[in-house]
file target_18.csv (CSV, C-alpha atoms)
chain,number,residue,atom,x,y,z
A,1,MET,CA,-11.3,8.9,-19.1
A,2,VAL,CA,-12.2,6.0,-16.9
A,3,GLN,CA,-9.9,3.6,-18.9
A,4,THR,CA,-7.1,6.2,-18.8
A,5,TYR,CA,-7.4,6.3,-15.0
A,6,ILE,CA,-7.5,2.5,-14.7
A,7,ARG,CA,-4.4,2.1,-17.0
A,8,PHE,CA,-2.5,4.8,-15.1
A,9,THR,CA,-3.3,3.3,-11.7
A,10,GLN,CA,-2.4,-0.2,-12.9
A,11,ALA,CA,1.0,1.1,-14.1
A,12,LEU,CA,1.6,2.9,-10.9
A,13,VAL,CA,0.8,-0.1,-8.8
A,14,ARG,CA,3.0,-2.3,-10.9
A,15,ALA,CA,5.8,0.1,-10.2
A,16,LEU,CA,5.1,-0.1,-6.5
A,17,GLY,CA,5.2,-3.9,-6.8
A,18,ALA,CA,8.7,-3.6,-8.4
A,19,ILE,CA,9.8,-1.2,-5.6
A,20,ALA,CA,8.6,-3.7,-3.0
A,21,SER,CA,10.4,-6.5,-4.7
A,22,GLY,CA,13.6,-4.5,-4.9
A,23,LEU,CA,13.3,-3.6,-1.2
A,24,LEU,CA,12.8,-7.3,-0.4
A,25,ILE,CA,16.2,-8.2,-2.0
A,26,LEU,CA,17.8,-5.3,-0.1
A,27,LEU,CA,16.2,-6.5,3.1
A,28,VAL,CA,17.7,-10.0,2.6
A,29,LEU,CA,21.1,-8.5,1.9
A,30,MET,CA,21.0,-6.3,5.0
A,31,MET,CA,19.9,-9.2,7.2
A,32,CYS,CA,22.7,-11.4,5.9
A,33,TYR,CA,25.2,-8.7,6.5
A,34,ASN,CA,23.9,-8.1,10.0
A,35,VAL,CA,24.0,-11.8,10.9
A,36,ILE,CA,27.5,-12.3,9.5
A,37,ALA,CA,28.8,-9.1,11.2
A,38,ARG,CA,27.3,-10.2,14.6
A,39,TYR,CA,28.4,-13.8,14.7
A,40,ALA,CA,31.6,-13.7,12.6
A,41,PHE,CA,33.1,-10.4,13.8
A,42,SER,CA,31.1,-9.7,17.0
A,43,ALA,CA,30.0,-6.4,15.6
A,44,SER,CA,26.4,-5.3,14.9
A,45,SER,CA,24.6,-2.1,14.1
A,46,ILE,CA,21.4,-1.0,15.8
A,47,GLY,CA,20.8,1.5,13.0
A,48,LEU,CA,21.0,-1.3,10.4
A,49,GLU,CA,18.8,-3.6,12.5
A,50,GLU,CA,16.2,-0.8,12.7
A,51,LEU,CA,16.6,-0.2,8.9
A,52,THR,CA,15.6,-3.8,8.3
A,53,TRP,CA,12.4,-3.3,10.3
A,54,HIS,CA,11.6,-0.2,8.3
A,55,ALA,CA,12.4,-2.0,5.0
A,56,TYR,CA,10.0,-4.8,6.0
A,57,ALA,CA,7.3,-2.3,6.9
A,58,ALA,CA,7.7,-0.6,3.6
A,59,ILE,CA,7.6,-3.9,1.6
A,60,PHE,CA,4.4,-4.9,3.3
A,61,LEU,CA,2.7,-1.5,3.0
A,62,LEU,CA,3.7,-0.9,-0.7
A,63,GLY,CA,2.8,-4.4,-1.6
A,64,ILE,CA,-0.8,-4.1,-0.5
A,65,PRO,CA,-2.0,-2.2,-3.6
A,66,TYR,CA,-0.2,-4.6,-5.8
A,67,ALA,CA,-1.8,-7.6,-4.0
A,68,LEU,CA,-5.3,-6.0,-4.5
A,69,GLN,CA,-4.7,-5.4,-8.2
A,70,THR,CA,-3.4,-8.9,-8.9
A,71,GLY,CA,-6.0,-10.6,-6.7
A,72,SER,CA,-3.2,-12.2,-4.6
A,73,HIS,CA,-4.6,-10.9,-1.3
A,74,VAL,CA,-6.1,-13.2,1.3
A,75,ARG,CA,-9.8,-13.6,0.9
A,76,VAL,CA,-12.4,-16.1,2.0
A,77,ASP,CA,-13.0,-18.1,-1.2
A,78,LEU,CA,-15.3,-20.7,0.4
A,79,LEU,CA,-18.4,-19.2,-1.1
A,80,TYR,CA,-17.0,-16.6,-3.5
A,81,GLU,CA,-15.6,-19.3,-5.9
A,82,ARG,CA,-19.0,-20.9,-6.2
A,83,PHE,CA,-20.7,-17.7,-7.2
A,84,SER,CA,-21.4,-16.8,-10.8
A,85,GLU,CA,-19.2,-14.2,-12.4
A,86,LEU,CA,-22.0,-11.6,-12.1
A,87,ASN,CA,-22.4,-12.3,-8.4
A,88,GLN,CA,-18.6,-12.2,-7.8
A,89,HIS,CA,-18.6,-8.7,-9.4
A,90,LYS,CA,-21.5,-7.7,-7.1
A,91,VAL,CA,-19.5,-8.9,-4.0
A,92,ASP,CA,-16.4,-7.1,-5.2
A,93,LEU,CA,-18.3,-3.8,-5.9
A,94,ILE,CA,-20.2,-3.8,-2.6
A,95,GLY,CA,-17.1,-4.8,-0.6
A,96,THR,CA,-14.9,-2.2,-2.2
A,97,ALA,CA,-17.5,0.6,-1.7
A,98,LEU,CA,-18.7,-0.2,1.8
A,99,PHE,CA,-15.5,-1.5,3.4
A,100,LEU,CA,-12.3,-0.9,1.5
A,101,VAL,CA,-12.7,2.7,0.5
A,102,PRO,CA,-13.9,3.9,4.0
A,103,ALA,CA,-11.1,1.9,5.6
A,104,CYS,CA,-8.5,3.5,3.3
A,105,ALA,CA,-9.9,7.0,4.2
A,106,ILE,CA,-9.6,6.3,7.9
A,107,VAL,CA,-6.1,5.0,7.7
A,108,ILE,CA,-5.0,7.9,5.5
A,109,TYR,CA,-6.3,10.4,8.0
A,110,THR,CA,-5.0,8.7,11.2
A,111,GLY,CA,-1.7,7.8,9.4
A,112,TRP,CA,-1.2,11.4,8.5
A,113,GLN,CA,-1.8,12.5,12.1
A,114,PHE,CA,0.6,9.8,13.3
A,115,THR,CA,3.3,11.1,10.8
A,116,LEU,CA,2.7,14.7,11.7
A,117,ALA,CA,3.0,14.0,15.5
A,118,ALA,CA,6.4,12.2,14.8
A,119,TYR,CA,7.6,15.1,12.6
A,120,GLN,CA,6.7,17.8,15.2
A,121,LEU,CA,8.4,16.0,18.1
A,122,GLY,CA,11.6,18.0,18.7
A,123,PRO,CA,13.3,21.0,17.0
A,124,GLN,CA,11.9,22.2,13.7
A,125,PRO,CA,13.8,23.6,10.7
A,126,GLY,CA,13.1,27.3,9.8
A,127,SER,CA,13.9,27.1,6.1
A,128,VAL,CA,14.3,24.6,3.2
A,129,SER,CA,18.1,24.7,3.6
A,130,GLU,CA,17.8,24.1,7.3
A,131,PHE,CA,15.4,21.2,6.6
A,132,PHE,CA,18.0,19.3,4.5
A,133,THR,CA,20.9,20.1,6.9
A,134,GLN,CA,18.9,19.0,10.0
A,135,LEU,CA,17.6,16.0,8.2
A,136,VAL,CA,21.1,14.5,7.7
A,137,SER,CA,22.7,15.8,10.8
A,138,SER,CA,20.6,15.8,14.0
A,139,GLY,CA,17.4,14.6,12.4
A,140,ILE,CA,13.9,16.1,12.5
A,141,GLY,CA,11.2,15.0,14.9
A,142,GLU,CA,11.0,11.6,16.5
A,143,ARG,CA,14.2,9.5,16.6
A,144,SER,CA,15.2,6.1,18.0
A,145,GLN,CA,15.7,5.9,21.7
A,146,ASP,CA,18.6,3.4,21.3
A,147,PRO,CA,22.1,4.8,20.8
A,148,GLY,CA,23.1,4.4,17.2
A,149,GLY,CA,19.5,4.1,16.1
A,150,LEU,CA,17.9,5.9,13.2
A,151,LEU,CA,16.8,9.5,13.0
A,152,ASN,CA,13.7,10.9,11.3
A,153,ARG,CA,11.1,8.3,12.2
A,154,TRP,CA,8.4,10.4,10.5
A,155,ILE,CA,9.7,9.2,7.2
A,156,ILE,CA,8.8,5.5,7.7
A,157,LYS,CA,5.6,6.6,9.4
A,158,ALA,CA,4.7,8.6,6.3
A,159,VAL,CA,4.7,5.4,4.3
A,160,ILE,CA,1.5,4.4,6.1
A,161,PRO,CA,-0.8,7.1,4.7
A,162,LEU,CA,1.1,7.1,1.4
A,163,SER,CA,0.6,3.4,0.8
A,164,PHE,CA,-3.1,3.7,1.7
A,165,ILE,CA,-3.4,6.6,-0.8
A,166,PHE,CA,-2.1,4.2,-3.4
A,167,LEU,CA,-4.4,1.4,-2.1
A,168,LEU,CA,-7.4,3.8,-2.4
A,169,MET,CA,-6.4,4.6,-6.0
A,170,SER,CA,-6.1,0.9,-6.7
A,171,ALA,CA,-9.5,0.3,-5.0
A,172,VAL,CA,-11.2,2.9,-7.2
A,173,ALA,CA,-9.5,1.5,-10.3
A,174,THR,CA,-10.6,-2.0,-9.3
A,175,PHE,CA,-14.1,-0.8,-8.6
A,176,LEU,CA,-14.4,0.9,-12.0
A,177,GLU,CA,-12.9,-2.1,-13.8
A,178,LYS,CA,-15.4,-4.5,-12.1
A,179,TRP,CA,-18.3,-2.0,-12.8
A,180,LEU,CA,-17.5,-1.9,-16.5
A,181,SER,CA,-17.2,-5.7,-16.6
A,182,TYR,CA,-20.5,-6.0,-14.6
A,183,LYS,CA,-22.3,-3.7,-17.1
A,184,THR,CA,-20.9,-5.7,-20.1
A,185,ILE,CA,-22.2,-9.0,-18.6
A,186,CYS,CA,-25.6,-7.5,-17.9
A,187,ASP,CA,-25.8,-6.0,-21.4
A,188,SER,CA,-24.8,-9.3,-23.0
A,189,LYS,CA,-27.4,-11.2,-20.9
A,190,THR,CA,-30.1,-8.6,-21.9
A,191,GLU,CA,-29.1,-9.0,-25.6
A,192,SER,CA,-29.2,-12.8,-25.4
A,193,LYS,CA,-32.7,-12.6,-23.9
A,194,GLN,CA,-34.0,-10.2,-26.5
A,195,GLY,CA,-32.4,-12.1,-29.4
A,196,PRO,CA,-34.7,-15.2,-29.5
A,197,GLU,CA,-37.8,-13.0,-29.1
A,198,GLN,CA,-36.8,-10.9,-32.2
call {"tool": "encode", "arguments": {"input": "target_18.csv", "output": "structure tokens"}}
result
Amino acid sequence: MVQTYIRFTQALVRALGAIASGLLILLVLMMCYNVIARYAFSASSIGLEELTWHAYAAIFLLGIPYALQTGSHVRVDLLYERFSELNQHKVDLIGTALFLVPACAIVIYTGWQFTLAAYQLGPQPGSVSEFFTQLVSSGIGERSQDPGGLLNRWIIKAVIPLSFIFLLMSAVATFLEKWLSYKTICDSKTESKQGPEQ
């Protein structure tokens, strides 16, 4: 059961990494188009400029769980690298349980409130069909204050709690993986101590 959860979460996080990579390519193309349109044709789009900001935010947020899983996040390695493997696992277990998991829970809760407030700002749809009609026509909730800006700001704000749900899943999978590895190291040390005595 534990291994199934770890494998599922790792596959999901790899998919998020692929989505973030794809968004990065799209971001570069949008920025190139915007620069060429502005300086070569004296035309620019506020909506496209805002979309690049949103894409950058989504890349960053969706990339966080992937960075945790691959160990490519920023950490203070000054002491950590000098620890034994067993002590490194202890640091990872304690740090995940005491800091990462509670931080994820806080950001999920506050991010959801942030998204809900943006969604409830303005006229609300009364049915599912109205939802989709309003979504593409006048927008739902908070929208850009600039003329030509984007509608439906709650969508990009929803990426905040969503990405931290994925980060929480990744943190739990990382915790379980480190715990299993920690137990294996402890068991092997116990067996090696008992071996000579027998």
call {"tool": "atom_distance", "arguments": {"input": "target_18.csv", "atom1": "atom CA of Val13 of chain A", "atom2": "atom CA of Thr174 of chain A"}}
result
11.6 Å
call {"tool": "closest_residue", "arguments": {"input": "target_18.csv", "among": "A:Ile36, A:Gln3, A:Leu79, A:Ser44", "to": "Val91 of chain A", "atoms": "all atoms listed in the file"}}
result
A:Leu79
call {"tool": "closest_residue", "arguments": {"input": "target_18.csv", "among": "A:Leu26, A:Val128, A:Leu68, A:Val101", "to": "Thr9 of chain A", "atoms": "only C-alpha atoms"}}
result
A:Leu68
call {"tool": "closest_residue", "arguments": {"input": "target_18.csv", "among": "A:Pro161, A:Gly17, A:Gly149, A:Gly126", "to": "Gly63 of chain A", "atoms": "all atoms listed in the file"}}
result
A:Gly17
call {"tool": "residues_around", "arguments": {"input": "target_18.csv", "residues": "Leu151 of chain A", "least_positions_apart": "3", "cutoff": "12 Å", "atoms": "only C-alpha atoms", "output": "list in words"}}
result
Ile46, Gly47, Leu48, Glu50, Leu51, His54, Ala118, Tyr119, Leu121, Gly122, Gln134, Leu135, Val136, Ser137, Ser138, Gly139, Ile140, Gly141, Glu142, Arg143, Ser144, Gln145, Asp146, Pro147, Gly148, Trp154, Ile155 and Ile156 of chain A
call {"tool": "atom_distance", "arguments": {"input": "target_18.csv", "atom1": "atom CA of Trp179 of chain A", "atom2": "atom CA of Ser84 of chain A"}}
result
15.3 Å
call {"tool": "atom_distance", "arguments": {"input": "target_18.csv", "atom1": "atom CA of Thr96 of chain A", "atom2": "atom CA of Leu16 of chain A"}}
result
20.6 Å
call {"tool": "closest_residue", "arguments": {"input": "target_18.csv", "among": "A:Ala37, A:Met1, A:Cys104, A:Ala158", "to": "Ser170 of chain A", "atoms": "all atoms listed in the file"}}
result
A:Cys104
call {"tool": "residues_around", "arguments": {"input": "target_18.csv", "residues": "Lys183 of chain A", "least_positions_apart": "6", "cutoff": "10 Å", "atoms": "all atoms listed in the file", "output": "PyMOL selection string"}}
result
chain A and resi 86+89+189
call {"tool": "closest_residue", "arguments": {"input": "target_18.csv", "among": "A:Val159, A:Ala11, A:Leu116, A:Leu176", "to": "Tyr66 of chain A", "atoms": "all atoms listed in the file"}}
result
A:Ala11
